[in-house]
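Novice: Take this structure first; my questions come after.
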Amino acid sequence: MSDEVKTICCIGAGYVGGPTMAVIADKCRYLKVIVVDLNKDKIDSWNNEDLTKLPVYEPGLKDLIKRCRGKNLFFSTKIQQSIAESDMVFISVNTPTKQTGLGAGEASDLKYIESSARSIAEFATGNTIVVEKSTIPVKTAEVIKTILISSQKGLEKNSTKSFTVLSSPEFLAEGTAIDDLMNPSRVLIGGDSKTSINALVNIYKNWVSEEKIIKTNIWSSELSKLTANAFLAQRVSSINSISALCEKTGADIREVAKAVGMDYRIGRHFLKSGPGFGGSCFKKDILNLVYICKLYGLKEVANYWEEVLKINRWQQNRLTTIIVKKLFGTVTSKKIGILGFAFKANTNDTRESPAIKICSNLLIDGARLSIYDPKVKFDEICNNLKDLNNANGNSFKVEDFISMASSYEELANNSDAILILTEWDEFKKIEWSKIAKLMRKPSWIFDCRDIIDINDFKESDLNIWKLGFGSNVDNLK
Ligand code: UDX
Ligand code: ADP
C-alpha cells in the first residue's frame with residue numbers, strides 16, 4: 001500500500017470534523033480535503049458566504065475557512081462520491097448515549113459509526129485507510145473492522161479494495177479548538193499497520209513535531225481518550241466538591257486551587273470551580289467507562305467513576321437550592337437573568353451544558369428566565385429545556401417562561417437575581433452599578449465564574465454570592 005495520501009474525506013461536519021479538517025487543509029495545501037454530512041442544512045451553512053453563519057463558532061475558524069474553502073477544502077453532501085475518491089476516510093460522527101435497549105443510559109449509540117462504516121465498505125475504492133476520530137468506546141475499531149471485512153467477503157477475487165483501521169482520537173477542547181489543533185499537546189495514533197500509521201503521521205508531520213506523535217495499539221488509543229476525559233472531569237468534580245466546603249468554612253476556592261496547583265505533581269490547569277462540567281464528551285465518556293467496567297465485572301472501578309458524575313449533578317442542584325433559599329425560599333413568578341447558556345465560553349455548543357439542569361430546576365420551581373448568551377439562539381435553548389413538568393406534575397410550555405434578552409439592561413430590568421454561568425470576556429465589562437439600578441430590591445448576583453475579582457461589584461448595592469467563596473458570602477457591599 002502506498003503511504004501517499006492525496007485526498008481525504010471526513011464523515012461528519014460537526015464540532016470535531018469541521019475544525020479538524022479546516023486545520024488539516026490549511027497545513028497541508030497539497031491535500032484535497034472533503035467534509036461530508038447527511039445534514040444538508042449544516043453543509044449549506046459551512047458553504048455560506050457569510051462566515052458568521054458557520055454552524056460551529058470557534059475563535060479563528062472563520063479565517064481558516066476563508067483561506068481554504070473552495071481551494072483545497074470542500075463541504076459536501078455527496079458522501080458516496082467523496083468516499084470513492086479518497087485515500088483516507090476519517091469518521092467524525094456523533095456517538096450519543098443510548099436512550100433505549102441494551103446499555104441504555106450508559107453505552108454509546110454506535111448507529112452513526114456503523115452507518116458510516118457501511119458507507120465506506122460500499123463506496124470506497126482501492127486501499128482505504130479508515131481513521132476513527134469520534135470519541136468512542138473501547139473496541140469500536142473492532143466494529144468498524146468487522147463491517148469492512150464482511151463487505152470484502154462478498155467481493156470478487158480480483159477486487160483491489162482493501163481497508164486498514166486506525167484510531168486517532170481528537171483531544172481538542174471547544175472554544176480553543178483551532179489553537180489546540182494547531183499546537184496539539186500530542187497526536188495519538190493507534191493501529192497495527194505501519195504503512196497506514198506512517199501515512200497519517202506524514203499528514204501531521206507538516207506542523208506537529210514527531211516526538212509529539214504517539215503510536216500505540218488500537219485499544220490503548222481508544223482507552224486513552226476515555227481515560228484522559230475521565231481524569232479531566234474528575235479534576236472538575238474534585239475542585240467543585242471542595243468549593244462547597246470553602247463556602248462552609250470561610251476559605252476561597254481560588255486561593256485553595258492556586259496553592260494546590262502550584263505543586264508540580266498536581267499542576268495548575270483544570271482546577272476552576274464552576275457550575276459543573278458540560279460538553280459532549282465528559283459525561284458520555286465516563287458513562288462509557290462505567291459501562292465497560294461493569295461489562296468486565298469491575299464493579300468497584302465503575303462505582304468510582306460514577307461518583308464523578310454524581311458530584312457534577314449535585315453541584316448543579318446545589319446551586320439551584322442556594323438561589324431559591326436566598327430569594328426567600330421561592331422563585332415562583334420571579335424574574336431571573338441567566339448570563340451564558342452554552343456549556344462554556346467561546347462556543348455555541350449547548351450539549352450537556354450545566355445551564356440546562358439549573359434553568360430546568362428554576363423553571364420547575366416557577367421562575368421566569370431572561371437569558372443572554374453571545375452565541376446561542378432562542379430555539380436551541382427551547383429545545384434543551386422542553387418536556388418539563390411543574391411541581392404538581394403538570395407539563396407546561398417552556399417558551400412562555402423564557403425570553404432572550406438582547407442587552408444586559410433588558411436582562412436585568414425588574415429581575416430579582418442574575419446568575420452568571422460562563423466566563424465570556426464580554427461579561428467582564430458589565431457595569432454592575434448601572435445594572436443594579438434596574439433590578440428589584442434586594443437584588444442578587446450569583447456568580448459561578450472563577451476569574452472575576454470580587455471588587456468588580458463593590459460599587460453597587462448588590463448582594464453577591466460567589467461560588468466557592470466562604471467569607472462575606474451574603475453581602476460584599
Ligand atoms: C474536553 C477535553 O478537554 C478535550 O480534550 C476532549 O477532546 C473533549 O472534551 P471540551 O468538553 O470541549 O473538551 O471542553 P473543556 O475545556 O475540557 O471543558 C469541559 C467542561 O469542564 C466545561 O463545562 C468547562 O466549563 C468545565 N471546566 C473545565 C471546569 O468547570 N473547570 C475547569 O477548570 C475546566
Ligand atoms: P462532534 O462534536 O463529535 O463533532 P456533532 O454532532 O457536532 O458531533 O457532529 C457529528 C455530525 O455527524 C453531525 O452533523 C451528523 O449529521 C453527522 N453524521 C452522523 N452520521 C452520519 C453519516 N452516516 N454520514 C454522514 N454524516 C453523519
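Ordering of the C-alpha cells sets the chain letters (A, B, ...), residue numbers begin anew at 1 in every chain, and ligands are numbered from 1 in the order given.
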Just want the 12 Å neighbourhood of Asp63 (chain A), counted on only C-alpha atoms, with same-chain residues fewer than 6 positions away dropped. Output as a PyMOL selection string.
Specialist: chain A and resi 19+22-23+26+51-52+54+57+69+178
Novice: Would you put the residues from that selection into a file with C-alpha atoms, as a tab-separated table (two decimals), in the first residue's frame?
Specialist:
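Saved file result29.tsv follows:
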chain	number	residue	atom	x	y	z
A	19	PRO	CA	-12.45	22.47	12.66
A	22	ALA	CA	-10.05	23.05	8.30
A	23	VAL	CA	-6.71	22.88	10.11
A	26	ASP	CA	-4.64	24.78	5.97
A	51	LEU	CA	-18.88	33.46	7.62
A	52	THR	CA	-20.85	34.46	10.71
A	54	LEU	CA	-20.96	28.81	10.05
A	57	TYR	CA	-18.45	29.00	16.41
A	69	ARG	CA	-12.72	26.77	1.36
A	178	ILE	CA	-8.15	25.90	16.45
Novice: List the spatial neighbours of Pro137 (chain A) as a PyMOL selection string - criterion: any atom at most 10 Å away, only C-alpha atoms, same-chain residues fewer than 3 positions off excluded.
Specialist: chain A and resi 95+107-110+134+140-141+219+222-223+225-226+284-289+291-292
Novice: Please identify the strand (DSSP E) residues within region 208-400 of chain A (assignment by DSSP from backbone atoms) and present them as JSON, numbers by chain.
Specialist: {"A": [213, 214, 215, 216, 335, 336, 337, 338, 339, 368, 369, 370, 371, 372]}
Novice: For the residues in the current selection, export N, CA, C and O atoms as a compact mmCIF listing (two decimals), in the first residue's frame.
Specialist:
# COMPACT_ATOMS: atom_id res chain seq x y z
N ILE A 213 4.03 12.79 18.45
CA ILE A 213 3.13 11.81 17.83
C ILE A 213 3.34 10.45 18.50
O ILE A 213 4.41 9.87 18.44
N ILE A 214 2.30 10.00 19.20
CA ILE A 214 2.41 8.75 19.95
C ILE A 214 1.76 7.63 19.14
O ILE A 214 0.62 7.77 18.67
N LYS A 215 2.49 6.51 19.01
CA LYS A 215 1.92 5.36 18.28
C LYS A 215 1.65 4.25 19.29
O LYS A 215 2.54 3.90 20.08
N THR A 216 0.45 3.75 19.28
CA THR A 216 0.08 2.70 20.25
C THR A 216 -0.71 1.62 19.54
O THR A 216 -1.03 1.75 18.36
N LYS A 335 -38.38 37.00 38.25
CA LYS A 335 -37.57 37.02 37.03
C LYS A 335 -36.09 36.82 37.40
O LYS A 335 -35.57 37.54 38.25
N ILE A 336 -35.50 35.84 36.75
CA ILE A 336 -34.07 35.58 37.00
C ILE A 336 -33.33 35.69 35.66
O ILE A 336 -33.73 35.10 34.66
N GLY A 337 -32.28 36.48 35.66
CA GLY A 337 -31.46 36.63 34.45
C GLY A 337 -30.39 35.55 34.43
O GLY A 337 -29.79 35.24 35.46
N ILE A 338 -30.17 34.98 33.26
CA ILE A 338 -29.14 33.94 33.11
C ILE A 338 -28.10 34.45 32.12
O ILE A 338 -28.42 34.70 30.95
N LEU A 339 -26.88 34.59 32.56
CA LEU A 339 -25.80 35.01 31.65
C LEU A 339 -24.97 33.79 31.26
O LEU A 339 -24.25 33.24 32.08
N ARG A 368 -39.38 32.83 36.06
CA ARG A 368 -39.34 33.27 34.66
C ARG A 368 -37.89 33.61 34.36
O ARG A 368 -37.23 34.27 35.18
N LEU A 369 -37.40 33.15 33.22
CA LEU A 369 -35.98 33.34 32.93
C LEU A 369 -35.77 34.27 31.75
O LEU A 369 -36.46 34.15 30.73
N SER A 370 -34.84 35.19 31.92
CA SER A 370 -34.41 36.02 30.80
C SER A 370 -32.96 35.61 30.54
O SER A 370 -32.11 35.69 31.44
N ILE A 371 -32.70 35.14 29.31
CA ILE A 371 -31.40 34.51 29.07
C ILE A 371 -30.60 35.31 28.04
O ILE A 371 -31.14 35.78 27.04
N TYR A 372 -29.31 35.44 28.31
CA TYR A 372 -28.43 36.07 27.33
C TYR A 372 -27.21 35.18 27.12
O TYR A 372 -26.56 34.77 28.08
Novice: Set the cut-off to 6 Å, count only C-alpha atoms and all ligand atoms, and list whatever residues fall near ligand 1 as JSON, numbers by chain.
Specialist: {"A": [170, 171, 172, 173, 174, 229, 236, 270, 271, 272, 273, 274, 276, 277, 278, 279, 281, 282, 343, 344]}
Novice: Those residues you just picked out, can you put them in a file as an mmCIF file, in the first residue's frame with C-alpha atoms?
Specialist:
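Contents of again-v4.cif, freshly written:
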data_model
loop_
_atom_site.group_PDB
_atom_site.id
_atom_site.type_symbol
_atom_site.label_atom_id
_atom_site.label_comp_id
_atom_site.auth_asym_id
_atom_site.auth_seq_id
_atom_site.Cartn_x
_atom_site.Cartn_y
_atom_site.Cartn_z
ATOM 1 C CA GLU A 170 -9.098 14.145 18.830
ATOM 2 C CA PHE A 171 -8.163 15.997 22.031
ATOM 3 C CA LEU A 172 -9.323 19.469 21.034
ATOM 4 C CA ALA A 173 -11.415 21.398 23.525
ATOM 5 C CA GLU A 174 -14.210 23.569 22.202
ATOM 6 C CA ASN A 229 -11.519 12.846 29.617
ATOM 7 C CA VAL A 236 -13.523 19.414 37.941
ATOM 8 C CA PHE A 270 -8.298 22.465 35.105
ATOM 9 C CA LEU A 271 -8.826 23.490 38.700
ATOM 10 C CA LYS A 272 -11.524 26.094 38.185
ATOM 11 C CA SER A 273 -14.660 25.581 40.202
ATOM 12 C CA GLY A 274 -17.912 26.313 38.433
ATOM 13 C CA GLY A 276 -20.084 21.643 36.775
ATOM 14 C CA PHE A 277 -18.693 20.284 33.556
ATOM 15 C CA GLY A 278 -20.732 20.097 30.386
ATOM 16 C CA GLY A 279 -19.911 19.387 26.767
ATOM 17 C CA CYS A 281 -17.579 14.309 25.906
ATOM 18 C CA PHE A 282 -17.047 14.156 29.651
ATOM 19 C CA PHE A 343 -21.520 24.776 28.240
ATOM 20 C CA LYS A 344 -18.616 27.205 28.449
#
Novice: For region 315-321 of chain A, list every protein, DNA or RNA residue within 9 Å, evaluated using only C-alpha atoms, and leave out those in the same chain fewer than 6 positions away; present the list as a PyMOL selection string.
Specialist: chain A and resi 237+240-241+244+274-276+329+354-355+357-359+361-362+446+467
Novice: Using only C-alpha atoms, determine which residues lie at most 8 Å from region 416-419 of chain A, disregarding the query and same-chain residues fewer than 2 positions distant; provide the list as a list in words.
Specialist: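 The residues that qualify are Leu327, Lys334, Lys335, Ile336, Gly337, Ile338, Leu339, Ala412, Asn414, Leu421, Met439, Arg440, Lys441, Pro442, Ser443, Trp444, Ile445, Phe446, Asp447 and Cys448 of chain A.
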Novice: Keeping only N, CA, C and O atoms, write those residues as a CSV table (one decimal), in the first residue's frame.
Specialist:
chain,number,residue,atom,x,y,z
A,327,LEU,N,-33.5,33.7,47.8
A,327,LEU,CA,-34.7,34.5,47.3
A,327,LEU,C,-35.9,34.2,48.2
A,327,LEU,O,-37.0,34.0,47.7
A,334,LYS,N,-40.8,34.9,39.9
A,334,LYS,CA,-39.7,35.9,40.0
A,334,LYS,C,-38.9,35.8,38.7
A,334,LYS,O,-38.8,34.8,38.1
A,335,LYS,N,-38.4,37.0,38.3
A,335,LYS,CA,-37.6,37.0,37.0
A,335,LYS,C,-36.1,36.8,37.4
A,335,LYS,O,-35.6,37.5,38.3
A,336,ILE,N,-35.5,35.8,36.8
A,336,ILE,CA,-34.1,35.6,37.0
A,336,ILE,C,-33.3,35.7,35.7
A,336,ILE,O,-33.7,35.1,34.7
A,337,GLY,N,-32.3,36.5,35.7
A,337,GLY,CA,-31.5,36.6,34.5
A,337,GLY,C,-30.4,35.6,34.4
A,337,GLY,O,-29.8,35.2,35.5
A,338,ILE,N,-30.2,35.0,33.3
A,338,ILE,CA,-29.1,33.9,33.1
A,338,ILE,C,-28.1,34.4,32.1
A,338,ILE,O,-28.4,34.7,30.9
A,339,LEU,N,-26.9,34.6,32.6
A,339,LEU,CA,-25.8,35.0,31.7
A,339,LEU,C,-25.0,33.8,31.3
A,339,LEU,O,-24.3,33.2,32.1
A,412,ALA,N,-31.6,42.6,33.1
A,412,ALA,CA,-31.6,43.0,34.5
A,412,ALA,C,-33.0,43.6,34.9
A,412,ALA,O,-33.3,43.5,36.0
A,414,ASN,N,-36.1,44.7,36.3
A,414,ASN,CA,-37.1,44.1,37.1
A,414,ASN,C,-36.8,42.6,37.6
A,414,ASN,O,-37.7,41.9,38.0
A,421,LEU,N,-23.1,32.1,34.5
A,421,LEU,CA,-22.7,30.7,34.4
A,421,LEU,C,-21.5,30.5,33.6
A,421,LEU,O,-20.8,29.5,33.8
A,439,MET,N,-32.6,46.5,38.8
A,439,MET,CA,-33.2,45.2,39.4
A,439,MET,C,-34.1,45.5,40.6
A,439,MET,O,-34.0,46.6,41.2
A,440,ARG,N,-34.9,44.5,40.9
A,440,ARG,CA,-35.8,44.6,42.1
A,440,ARG,C,-34.9,44.5,43.4
A,440,ARG,O,-33.9,43.8,43.3
A,441,LYS,N,-35.3,45.1,44.4
A,441,LYS,CA,-34.5,45.0,45.7
A,441,LYS,C,-35.2,44.0,46.6
A,441,LYS,O,-36.4,43.9,46.7
A,442,PRO,N,-34.4,43.3,47.4
A,442,PRO,CA,-33.0,43.1,47.3
A,442,PRO,C,-32.5,42.4,46.1
A,442,PRO,O,-33.2,41.4,45.7
A,443,SER,N,-31.5,42.8,45.4
A,443,SER,CA,-31.1,42.2,44.2
A,443,SER,C,-29.9,41.3,44.4
A,443,SER,O,-28.9,41.6,45.1
A,444,TRP,N,-29.9,40.1,43.8
A,444,TRP,CA,-28.9,39.1,44.0
A,444,TRP,C,-28.1,38.8,42.7
A,444,TRP,O,-28.7,38.7,41.6
A,445,ILE,N,-26.8,38.7,42.9
A,445,ILE,CA,-26.0,38.2,41.8
A,445,ILE,C,-25.4,36.9,42.2
A,445,ILE,O,-24.7,36.8,43.3
A,446,PHE,N,-25.6,35.8,41.5
A,446,PHE,CA,-25.0,34.5,41.8
A,446,PHE,C,-23.9,34.3,40.7
A,446,PHE,O,-24.2,34.1,39.6
A,447,ASP,N,-22.7,34.4,41.2
A,447,ASP,CA,-21.5,34.4,40.2
A,447,ASP,C,-20.8,33.0,40.3
A,447,ASP,O,-20.2,32.7,41.3
A,448,CYS,N,-20.9,32.3,39.2
A,448,CYS,CA,-20.2,30.9,39.3
A,448,CYS,C,-18.8,31.0,38.6
A,448,CYS,O,-18.2,30.0,38.5
Novice: Using only C-alpha atoms and all ligand atoms, which residues have at least one atom no more than 6 Å from ligand 2? Output them as an NGL selection string.
Specialist: :A and (11-17 or 36-39 or 92-94 or 112 or 115-116 or 134)
Novice: Between CA of Thr7 (chain A) and CA of Thr164 (chain A), measure the distance and give it in Å to one decimal.
Specialist: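 Here the two named atoms are 16.1 Å from each other.
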Novice: Write out as an MDAnalysis selection string the residues lying within 9 Å of Ser162 (chain A), counting only C-alpha atoms and excluding same-chain residues fewer than 3 positions away.
Specialist: chainID A and resid 124:129 148:149 152 159
Novice: Between A:Val35, A:Ala117, A:Ile136, A:Leu411, which residue has the minimum interatomic distance to Ser86 (chain A), considering only C-alpha atoms?
Specialist: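 When distances to Ser86 (chain A) are compared using only C-alpha atoms, the smallest one comes from A:Val35.
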Novice: Work out how far CA of Phe469 (chain A) is from CA of Ile253 (chain A), in Å to one decimal.
Specialist: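 These two atoms are separated by 6.2 Å.
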Novice: Name the residues in contact with Glu307 (chain A) at a cut-off of 12 Å, using only C-alpha atoms, excluding same-chain residues fewer than 4 positions from it; report them as a PyMOL selection string.
Specialist: chain A and resi 230+233-234+237-238+241+283+286-287+290+300-303+311-314
Novice: Output the selection as a compact mmCIF listing (two decimals), in the first residue's frame - N, CA and C atoms for each residue.
Specialist:
# COMPACT_ATOMS: atom_id res chain seq x y z
N ALA A 230 -11.94 11.29 31.44
CA ALA A 230 -12.39 10.94 32.79
C ALA A 230 -11.52 11.65 33.84
N ALA A 233 -12.46 15.38 33.90
CA ALA A 233 -13.76 15.57 34.56
C ALA A 233 -13.62 15.35 36.07
N GLN A 234 -12.78 14.39 36.43
CA GLN A 234 -12.57 14.11 37.85
C GLN A 234 -11.96 15.32 38.57
N SER A 237 -14.78 17.75 39.19
CA SER A 237 -15.62 17.32 40.32
C SER A 237 -14.88 17.46 41.64
N SER A 238 -13.57 17.20 41.62
CA SER A 238 -12.79 17.32 42.86
C SER A 238 -12.81 18.77 43.35
N SER A 241 -16.24 19.83 44.57
CA SER A 241 -16.60 19.29 45.89
C SER A 241 -15.97 20.17 46.97
N LYS A 283 -19.33 13.54 30.18
CA LYS A 283 -20.35 12.65 30.76
C LYS A 283 -20.42 11.35 29.96
N ILE A 286 -17.39 9.09 30.54
CA ILE A 286 -17.39 8.41 31.85
C ILE A 286 -18.47 7.32 31.86
N LEU A 287 -19.61 7.62 31.26
CA LEU A 287 -20.66 6.59 31.18
C LEU A 287 -20.15 5.37 30.41
N VAL A 290 -17.86 3.50 32.69
CA VAL A 290 -18.65 2.78 33.69
C VAL A 290 -19.26 1.52 33.06
N GLU A 300 -16.18 -2.11 41.35
CA GLU A 300 -15.58 -1.05 42.16
C GLU A 300 -15.08 0.10 41.28
N VAL A 301 -14.49 -0.28 40.15
CA VAL A 301 -13.97 0.76 39.24
C VAL A 301 -15.15 1.56 38.67
N ALA A 302 -16.19 0.85 38.30
CA ALA A 302 -17.39 1.52 37.76
C ALA A 302 -17.95 2.49 38.79
N ASN A 303 -18.06 2.05 40.05
CA ASN A 303 -18.62 2.92 41.10
C ASN A 303 -17.76 4.16 41.31
N ILE A 311 -21.22 13.95 41.59
CA ILE A 311 -20.82 15.25 42.16
C ILE A 311 -21.17 16.36 41.18
N ASN A 312 -21.01 16.08 39.89
CA ASN A 312 -21.31 17.11 38.88
C ASN A 312 -22.78 17.50 38.93
N ARG A 313 -23.63 16.51 38.98
CA ARG A 313 -25.07 16.78 39.02
C ARG A 313 -25.44 17.46 40.35
N TRP A 314 -24.80 17.00 41.42
CA TRP A 314 -25.05 17.58 42.75
C TRP A 314 -24.71 19.06 42.77
